[in-house]
$ cat coords_11.cif   # mmCIF, C-alpha atoms
data_work
loop_
_atom_site.label_atom_id
_atom_site.label_comp_id
_atom_site.auth_asym_id
_atom_site.auth_seq_id
_atom_site.Cartn_x
_atom_site.Cartn_y
_atom_site.Cartn_z
CA MET A 1 99.21 -28.04 58.70
CA SER A 2 98.63 -30.14 55.63
CA LEU A 3 97.45 -33.74 55.77
CA THR A 4 100.67 -34.88 54.12
CA LEU A 5 102.79 -33.33 56.89
CA TRP A 6 100.64 -35.00 59.57
CA LEU A 7 101.00 -38.38 57.88
CA PHE A 8 104.75 -37.82 57.69
CA LEU A 9 105.05 -36.89 61.39
CA LEU A 10 102.66 -39.53 62.76
CA PRO A 11 105.19 -42.44 62.77
CA PHE A 12 107.73 -40.28 64.61
CA CYS A 13 105.15 -39.29 67.23
CA LEU A 14 104.14 -42.92 67.74
CA LEU A 15 107.78 -44.00 67.93
CA ASN A 16 108.46 -41.30 70.54
CA MET A 17 105.47 -42.50 72.59
CA ASN A 18 106.75 -46.08 72.45
CA ILE A 19 110.21 -45.01 73.56
CA ASN A 20 108.76 -43.13 76.52
CA ILE A 21 106.62 -46.10 77.49
CA ILE A 22 109.57 -48.51 77.23
CA LEU A 23 111.86 -46.24 79.22
CA GLY A 24 109.13 -45.65 81.78
CA THR A 25 109.08 -49.32 82.75
CA GLY A 26 112.66 -49.00 84.04
CA HIS A 27 111.78 -46.32 86.58
CA CYS A 28 111.80 -47.37 90.18
CA LEU A 29 108.38 -47.98 91.67
CA GLY A 30 107.57 -45.70 94.61
CA HIS A 31 107.31 -48.45 97.21
CA GLN A 32 110.63 -49.93 96.07
CA GLN A 33 112.34 -46.55 96.52
CA SER A 34 110.73 -46.17 99.94
CA LEU A 35 112.07 -49.59 101.03
CA LEU A 36 115.58 -48.69 99.86
CA LEU A 37 115.52 -45.39 101.76
CA GLN A 38 114.28 -47.17 104.91
CA LEU A 39 117.16 -49.62 104.55
CA ARG A 40 119.68 -46.81 104.07
CA ASN A 41 118.38 -44.96 107.13
CA ASN A 42 118.75 -48.09 109.29
CA LEU A 43 122.34 -48.80 108.26
CA ILE A 44 125.42 -47.33 109.91
CA PHE A 45 128.03 -46.51 107.28
CA ASN A 46 130.96 -44.18 106.82
CA PRO A 47 129.83 -41.30 104.56
CA THR A 48 133.40 -40.30 103.73
CA THR A 49 134.20 -43.69 102.16
CA SER A 50 130.74 -44.57 100.82
CA GLN A 51 130.47 -44.83 97.05
CA LYS A 52 126.85 -45.96 96.95
CA LEU A 53 124.63 -45.28 99.96
CA ILE A 54 125.78 -41.67 100.35
CA TYR A 55 124.43 -40.84 96.88
CA TRP A 56 121.07 -42.52 97.25
CA ASN A 57 118.14 -40.12 96.96
CA GLN A 58 120.01 -37.68 94.72
CA SER A 59 117.70 -38.60 91.85
CA ASP A 60 114.03 -39.52 91.75
CA ASP A 61 114.71 -42.86 90.08
CA CYS A 62 116.24 -45.37 92.48
CA CYS A 63 117.04 -47.64 89.53
CA GLU A 64 119.81 -45.15 88.70
CA TRP A 65 121.36 -45.31 92.16
CA ASN A 66 124.79 -46.91 92.60
CA GLY A 67 124.48 -50.53 93.65
CA VAL A 68 120.86 -50.89 92.51
CA ALA A 69 119.56 -52.72 89.44
CA CYS A 70 115.91 -52.93 88.42
CA ASN A 71 113.59 -54.75 86.08
CA LYS A 72 110.21 -53.16 85.29
CA GLY A 73 110.60 -50.87 88.28
CA HIS A 74 111.33 -53.62 90.81
CA VAL A 75 114.72 -53.85 92.54
CA ILE A 76 116.30 -57.13 91.40
CA ALA A 77 119.92 -56.62 92.49
CA LEU A 78 121.50 -54.83 95.42
CA ASP A 79 125.27 -54.47 95.73
CA LEU A 80 126.31 -52.84 99.00
CA SER A 81 129.76 -54.40 99.09
CA GLN A 82 132.67 -52.36 100.47
CA GLU A 83 130.41 -49.67 101.95
CA SER A 84 131.99 -49.81 105.45
CA ILE A 85 128.60 -50.74 106.90
CA SER A 86 129.01 -51.55 110.57
CA GLY A 87 127.04 -52.58 113.61
CA ASP A 88 124.07 -54.81 114.16
CA ILE A 89 121.55 -54.94 111.32
CA LYS A 90 118.45 -56.07 113.21
CA ASN A 91 116.29 -53.25 111.82
CA VAL A 92 116.50 -54.24 108.18
CA SER A 93 112.98 -55.55 107.66
CA SER A 94 112.78 -53.31 104.58
CA LEU A 95 115.53 -55.41 102.95
CA PHE A 96 113.42 -58.54 103.27
CA LYS A 97 110.45 -56.80 101.64
CA LEU A 98 112.36 -56.47 98.35
CA GLN A 99 110.62 -59.59 97.05
CA TYR A 100 112.02 -59.35 93.51
CA LEU A 101 115.68 -59.48 94.57
CA HIS A 102 117.72 -61.98 92.55
CA SER A 103 121.13 -60.85 93.77
CA LEU A 104 122.32 -59.46 97.11
CA ASN A 105 125.93 -58.55 97.84
CA LEU A 106 126.91 -57.36 101.34
CA ALA A 107 130.55 -58.49 101.09
CA TYR A 108 133.47 -56.66 102.69
CA ASN A 109 131.64 -54.71 105.35
CA GLU A 110 132.07 -54.59 109.12
CA PHE A 111 128.80 -55.81 110.62
CA HIS A 112 130.30 -57.64 113.64
CA SER A 113 126.96 -59.28 114.35
CA GLY A 114 125.04 -62.40 113.50
CA ILE A 115 123.36 -62.87 110.14
CA PRO A 116 119.87 -61.47 110.71
CA PRO A 117 116.85 -63.76 110.43
CA GLY A 118 114.49 -63.11 107.55
CA PHE A 119 116.44 -64.27 104.49
CA GLN A 120 113.80 -66.93 103.78
CA LYS A 121 111.50 -64.08 102.67
CA LEU A 122 113.74 -63.42 99.65
CA LYS A 123 112.32 -66.39 97.73
CA ASN A 124 113.67 -65.25 94.33
CA LEU A 125 117.27 -64.84 95.49
CA ARG A 126 119.75 -66.60 93.19
CA HIS A 127 123.04 -65.01 94.28
CA LEU A 128 123.91 -64.22 97.90
CA ASN A 129 127.34 -62.88 98.88
CA LEU A 130 128.00 -62.30 102.58
CA SER A 131 131.75 -62.93 102.36
CA ASN A 132 134.12 -61.02 104.63
CA ALA A 133 131.20 -58.92 105.87
CA GLY A 134 132.05 -59.33 109.56
CA PHE A 135 129.14 -61.65 110.27
CA GLU A 136 129.74 -64.04 113.13
CA GLY A 137 128.09 -66.90 114.98
CA GLN A 138 125.75 -69.59 113.73
CA ILE A 139 124.58 -69.45 110.13
CA PRO A 140 120.78 -69.30 110.43
CA ILE A 141 118.62 -72.13 109.10
CA GLU A 142 116.67 -69.54 107.05
CA ILE A 143 119.52 -69.49 104.51
CA SER A 144 118.69 -73.12 103.65
CA TYR A 145 115.17 -72.08 102.56
CA LEU A 146 116.57 -70.12 99.60
CA THR A 147 115.89 -72.92 97.15
CA LYS A 148 116.71 -70.93 94.00
CA LEU A 149 120.28 -70.08 95.05
CA VAL A 150 122.87 -70.61 92.34
CA THR A 151 125.78 -69.04 94.25
CA LEU A 152 126.25 -68.66 97.99
CA ASP A 153 129.38 -67.10 99.47
CA LEU A 154 129.73 -67.10 103.26
CA SER A 155 133.52 -67.23 103.23
CA SER A 156 135.90 -65.15 105.30
CA THR A 157 139.64 -64.89 105.56
CA VAL A 158 141.23 -67.41 107.89
CA THR A 159 142.69 -64.59 109.99
CA SER A 160 139.29 -63.01 110.56
CA GLN A 161 138.36 -62.54 114.22
CA HIS A 162 134.70 -62.81 113.34
CA ALA A 163 133.86 -66.30 112.18
CA LEU A 164 130.70 -67.95 111.07
CA LYS A 165 129.95 -71.49 112.15
CA LEU A 166 127.83 -74.39 110.98
CA GLU A 167 126.74 -76.52 113.90
CA MET A 168 122.95 -76.52 114.03
CA PRO A 169 122.06 -76.39 111.20
CA ASN A 170 125.03 -78.41 110.03
CA ILE A 171 126.36 -78.53 106.47
CA ALA A 172 123.89 -81.23 105.39
CA MET A 173 120.93 -79.23 106.69
CA LEU A 174 122.21 -76.05 105.07
CA VAL A 175 122.46 -77.51 101.56
CA GLN A 176 119.52 -79.96 101.61
CA ASN A 177 117.21 -77.63 99.62
CA PHE A 178 119.83 -76.21 97.25
CA THR A 179 118.75 -77.93 94.05
CA GLU A 180 120.20 -75.25 91.73
CA ILE A 181 123.46 -74.44 93.55
CA LYS A 182 126.55 -74.16 91.34
CA GLU A 183 128.97 -72.38 93.70
CA LEU A 184 129.18 -72.71 97.48
CA HIS A 185 132.00 -70.85 99.27
CA LEU A 186 132.52 -71.68 102.95
CA ASP A 187 136.23 -70.83 103.40
CA GLY A 188 136.87 -69.81 107.01
CA VAL A 189 133.52 -71.16 108.27
CA ALA A 190 133.85 -73.44 111.31
CA ILE A 191 132.02 -76.57 110.20
CA SER A 192 130.97 -79.18 112.72
CA ALA A 193 131.24 -82.65 111.23
CA LYS A 194 129.89 -85.04 113.82
CA GLY A 195 129.96 -88.53 112.36
CA LYS A 196 128.49 -91.71 113.74
CA SER A 197 130.66 -93.29 116.38
CA GLN A 198 131.89 -96.77 115.59
CA GLN A 199 130.93 -99.53 118.02
#

$ encode --input "coords_11.cif" --output "structure tokens"
Amino acid sequence: MSLTLWLFLLPFCLLNMNINIILGTGHCLGHQQSLLLQLRNNLIFNPTTSQKLIYWNQSDDCCEWNGVACNKGHVIALDLSQESISGDIKNVSSLFKLQYLHSLNLAYNEFHSGIPPGFQKLKNLRHLNLSNAGFEGQIPIEISYLTKLVTLDLSSTVTSQHALKLEMPNIAMLVQNFTEIKELHLDGVAISAKGKSQQ
């Protein structure tokens, strides 16, 4: 091959290498994929109605999976809304190891259990949607440790049999650390508002 042809092809080869390097940064890191698969295996969901979880593991790159978004190989957003997930979710420690999560959406599922402890581990979370997910009982204090939250949705329909409540912590304790909050949805949450008694 002549020197002229090599000089002509060199920029294209370098450009191709750059494209591969840039695209490579979007691939899911192995430990992130492993955490997602652990999460999937610990969730009870209806495979006939699933549009996301059922298709996980059909490609090597978890950043391409439905409901998953990544940045530089780290999972930054997880949308498992409307997946008919049911039952208690106590064995979801893998969820709380996704340290780069900015957004988590578990809305419109059928958990019928309390919100699991461990949310304080998701220190980068900015958007949390647990609306109409079937969670019930006291909202855990750990939610108040998510200081970067911009939106928090814990709402449920008024007719829901499974209601969340704010007693201890109360509303003041829940929001005390929310310095960046823009949207807070608590429709359907039973809020205890004990004021000072007048003498």

$ closest_residue --input "coords_11.cif" --among "A:Gln176, A:Gln32, A:Gln82, A:Asn71" --to "A:Gln51" --atoms "only C-alpha atoms"
A:Gln82

$ closest_residue --input "coords_11.cif" --among "A:Leu36, A:Ile139, A:Ile181, A:Cys28" --to "A:Lys97" --atoms "only C-alpha atoms"
A:Leu36

$ atom_distance --input "coords_11.cif" --atom1 "atom CA of A:Ser131" --atom2 "atom CA of A:Asn57"
27.1 Å

$ atom_distance --input "coords_11.cif" --atom1 "atom CA of A:Lys165" --atom2 "atom CA of A:Ser93"
23.7 Å

$ atom_distance --input "coords_11.cif" --atom1 "atom CA of A:Val175" --atom2 "atom CA of A:Leu152"
10.3 Å

$ residues_around --input "coords_11.cif" --residues "A:Asn42" --least-positions-apart "2" --cutoff "7 Å" --atoms "all atoms listed in the file" --output "compact mmCIF listing (two decimals) with C-alpha atoms, in the coordinates of the input"
# COMPACT_ATOMS: atom_id res chain seq x y z
CA GLN A 38 114.28 -47.17 104.91
CA LEU A 39 117.16 -49.62 104.55
CA ARG A 40 119.68 -46.81 104.07
CA ILE A 44 125.42 -47.33 109.91
CA ASN A 91 116.29 -53.25 111.82
CA VAL A 92 116.50 -54.24 108.18

$ closest_residue --input "coords_11.cif" --among "A:Ala133, A:Leu106, A:Leu101, A:Ala163" --to "A:Lys148" --atoms "all atoms listed in the file"
A:Leu101

$ residues_around --input "coords_11.cif" --residues "A:Leu98" --least-positions-apart "3" --cutoff "9 Å" --atoms "only C-alpha atoms" --output "PDB file with C-alpha atoms, keeping the file's coordinate frame"
ATOM      1  CA  GLN A  32     110.630 -49.930  96.070  1.00  0.00           C
ATOM      2  CA  LEU A  35     112.070 -49.590 101.030  1.00  0.00           C
ATOM      3  CA  LEU A  36     115.580 -48.690  99.860  1.00  0.00           C
ATOM      4  CA  HIS A  74     111.330 -53.620  90.810  1.00  0.00           C
ATOM      5  CA  VAL A  75     114.720 -53.850  92.540  1.00  0.00           C
ATOM      6  CA  ILE A  76     116.300 -57.130  91.400  1.00  0.00           C
ATOM      7  CA  SER A  94     112.780 -53.310 104.580  1.00  0.00           C
ATOM      8  CA  LEU A  95     115.530 -55.410 102.950  1.00  0.00           C
ATOM      9  CA  LEU A 101     115.680 -59.480  94.570  1.00  0.00           C
ATOM     10  CA  LYS A 121     111.500 -64.080 102.670  1.00  0.00           C
ATOM     11  CA  LEU A 122     113.740 -63.420  99.650  1.00  0.00           C
TER      12      LEU A 122
END

$ residues_around --input "coords_11.cif" --residues "A:Gly30" --least-positions-apart "6" --cutoff "9 Å" --atoms "all atoms listed in the file" --output "list in words"
Asp61, Cys62 and Gly73 of chain A

$ closest_residue --input "coords_11.cif" --among "A:Ser50, A:Asn177, A:Asn124, A:Ser113" --to "A:Ile141" --atoms "all atoms listed in the file"
A:Asn177

$ residues_around --input "coords_11.cif" --residues "A:Asp153" --least-positions-apart "6" --cutoff "12 Å" --atoms "only C-alpha atoms" --output "PyMOL selection string"
chain A and resi 103-108+126-133+139+143+164+181-189

$ residues_around --input "coords_11.cif" --residues "A:Phe135" --least-positions-apart "3" --cutoff "6 Å" --atoms "only C-alpha atoms" --output "list in words"
Phe111, His112, Ser113, Gly114 and Ile115 of chain A

$ closest_residue --input "coords_11.cif" --among "A:Leu166, A:Thr147, A:Asp88, A:Gly134" --to "A:Phe178" --atoms "all atoms listed in the file"
A:Thr147

$ build_atoms --input "coords_11.cif" --residues "stretch 112-136 of chain A" --atoms "N, CA, C and O atoms" --output "compact mmCIF listing (two decimals), in the frame of the given file"
# COMPACT_ATOMS: atom_id res chain seq x y z
N HIS A 112 129.97 -57.16 112.29
CA HIS A 112 130.30 -57.64 113.64
C HIS A 112 129.05 -58.03 114.41
O HIS A 112 128.85 -57.64 115.56
N SER A 113 128.19 -58.79 113.74
CA SER A 113 126.96 -59.28 114.35
C SER A 113 126.58 -60.57 113.66
O SER A 113 127.21 -60.98 112.68
N GLY A 114 125.54 -61.21 114.15
CA GLY A 114 125.04 -62.40 113.50
C GLY A 114 124.30 -62.06 112.21
O GLY A 114 123.85 -60.93 112.03
N ILE A 115 124.18 -63.05 111.34
CA ILE A 115 123.36 -62.87 110.14
C ILE A 115 121.92 -62.74 110.60
O ILE A 115 121.42 -63.59 111.34
N PRO A 116 121.24 -61.68 110.20
CA PRO A 116 119.87 -61.47 110.71
C PRO A 116 118.89 -62.51 110.17
O PRO A 116 119.05 -62.98 109.04
N PRO A 117 117.89 -62.87 110.95
CA PRO A 117 116.85 -63.76 110.43
C PRO A 117 115.99 -63.01 109.42
O PRO A 117 115.91 -61.79 109.46
N GLY A 118 115.39 -63.73 108.53
CA GLY A 118 114.49 -63.11 107.55
C GLY A 118 114.86 -63.40 106.11
O GLY A 118 114.10 -63.08 105.20
N PHE A 119 116.02 -64.01 105.87
CA PHE A 119 116.44 -64.27 104.49
C PHE A 119 115.47 -65.18 103.74
O PHE A 119 115.39 -65.11 102.52
N GLN A 120 114.74 -66.03 104.45
CA GLN A 120 113.80 -66.93 103.78
C GLN A 120 112.71 -66.16 103.04
O GLN A 120 112.06 -66.70 102.15
N LYS A 121 112.52 -64.90 103.35
CA LYS A 121 111.50 -64.08 102.67
C LYS A 121 111.93 -63.69 101.26
O LYS A 121 111.11 -63.29 100.45
N LEU A 122 113.22 -63.79 100.98
CA LEU A 122 113.74 -63.42 99.65
C LEU A 122 113.71 -64.66 98.75
O LEU A 122 114.74 -65.19 98.35
N LYS A 123 112.53 -65.11 98.42
CA LYS A 123 112.32 -66.39 97.73
C LYS A 123 112.90 -66.43 96.32
O LYS A 123 113.14 -67.50 95.78
N ASN A 124 113.13 -65.29 95.70
CA ASN A 124 113.67 -65.25 94.33
C ASN A 124 115.18 -65.10 94.28
O ASN A 124 115.75 -65.01 93.19
N LEU A 125 115.83 -65.07 95.44
CA LEU A 125 117.27 -64.84 95.49
C LEU A 125 118.03 -65.98 94.81
O LEU A 125 117.81 -67.15 95.11
N ARG A 126 118.92 -65.61 93.90
CA ARG A 126 119.75 -66.60 93.19
C ARG A 126 121.23 -66.45 93.54
O ARG A 126 121.98 -67.41 93.42
N HIS A 127 121.64 -65.26 93.95
CA HIS A 127 123.04 -65.01 94.28
C HIS A 127 123.09 -64.25 95.61
O HIS A 127 122.54 -63.16 95.72
N LEU A 128 123.77 -64.84 96.59
CA LEU A 128 123.91 -64.22 97.90
C LEU A 128 125.38 -64.22 98.28
O LEU A 128 126.01 -65.27 98.36
N ASN A 129 125.93 -63.01 98.50
CA ASN A 129 127.34 -62.88 98.88
C ASN A 129 127.43 -62.14 100.21
O ASN A 129 127.16 -60.94 100.27
N LEU A 130 127.78 -62.87 101.26
CA LEU A 130 128.00 -62.30 102.58
C LEU A 130 129.45 -62.48 103.01
O LEU A 130 129.76 -62.46 104.20
N SER A 131 130.34 -62.64 102.05
CA SER A 131 131.75 -62.93 102.36
C SER A 131 132.46 -61.74 102.99
O SER A 131 132.22 -60.59 102.62
N ASN A 132 133.29 -62.04 103.96
CA ASN A 132 134.12 -61.02 104.63
C ASN A 132 133.31 -59.79 105.04
O ASN A 132 133.80 -58.67 104.99
N ALA A 133 132.08 -60.03 105.49
CA ALA A 133 131.20 -58.92 105.87
C ALA A 133 131.20 -58.70 107.38
O ALA A 133 130.48 -57.84 107.87
N GLY A 134 131.99 -59.50 108.12
CA GLY A 134 132.05 -59.33 109.56
C GLY A 134 130.94 -60.05 110.31
O GLY A 134 130.76 -59.85 111.50
N PHE A 135 130.18 -60.88 109.59
CA PHE A 135 129.14 -61.65 110.27
C PHE A 135 129.80 -62.73 111.11
O PHE A 135 130.85 -63.27 110.76
N GLU A 136 129.17 -63.06 112.22
CA GLU A 136 129.74 -64.04 113.13
C GLU A 136 128.63 -64.90 113.73
O GLU A 136 127.45 -64.57 113.64
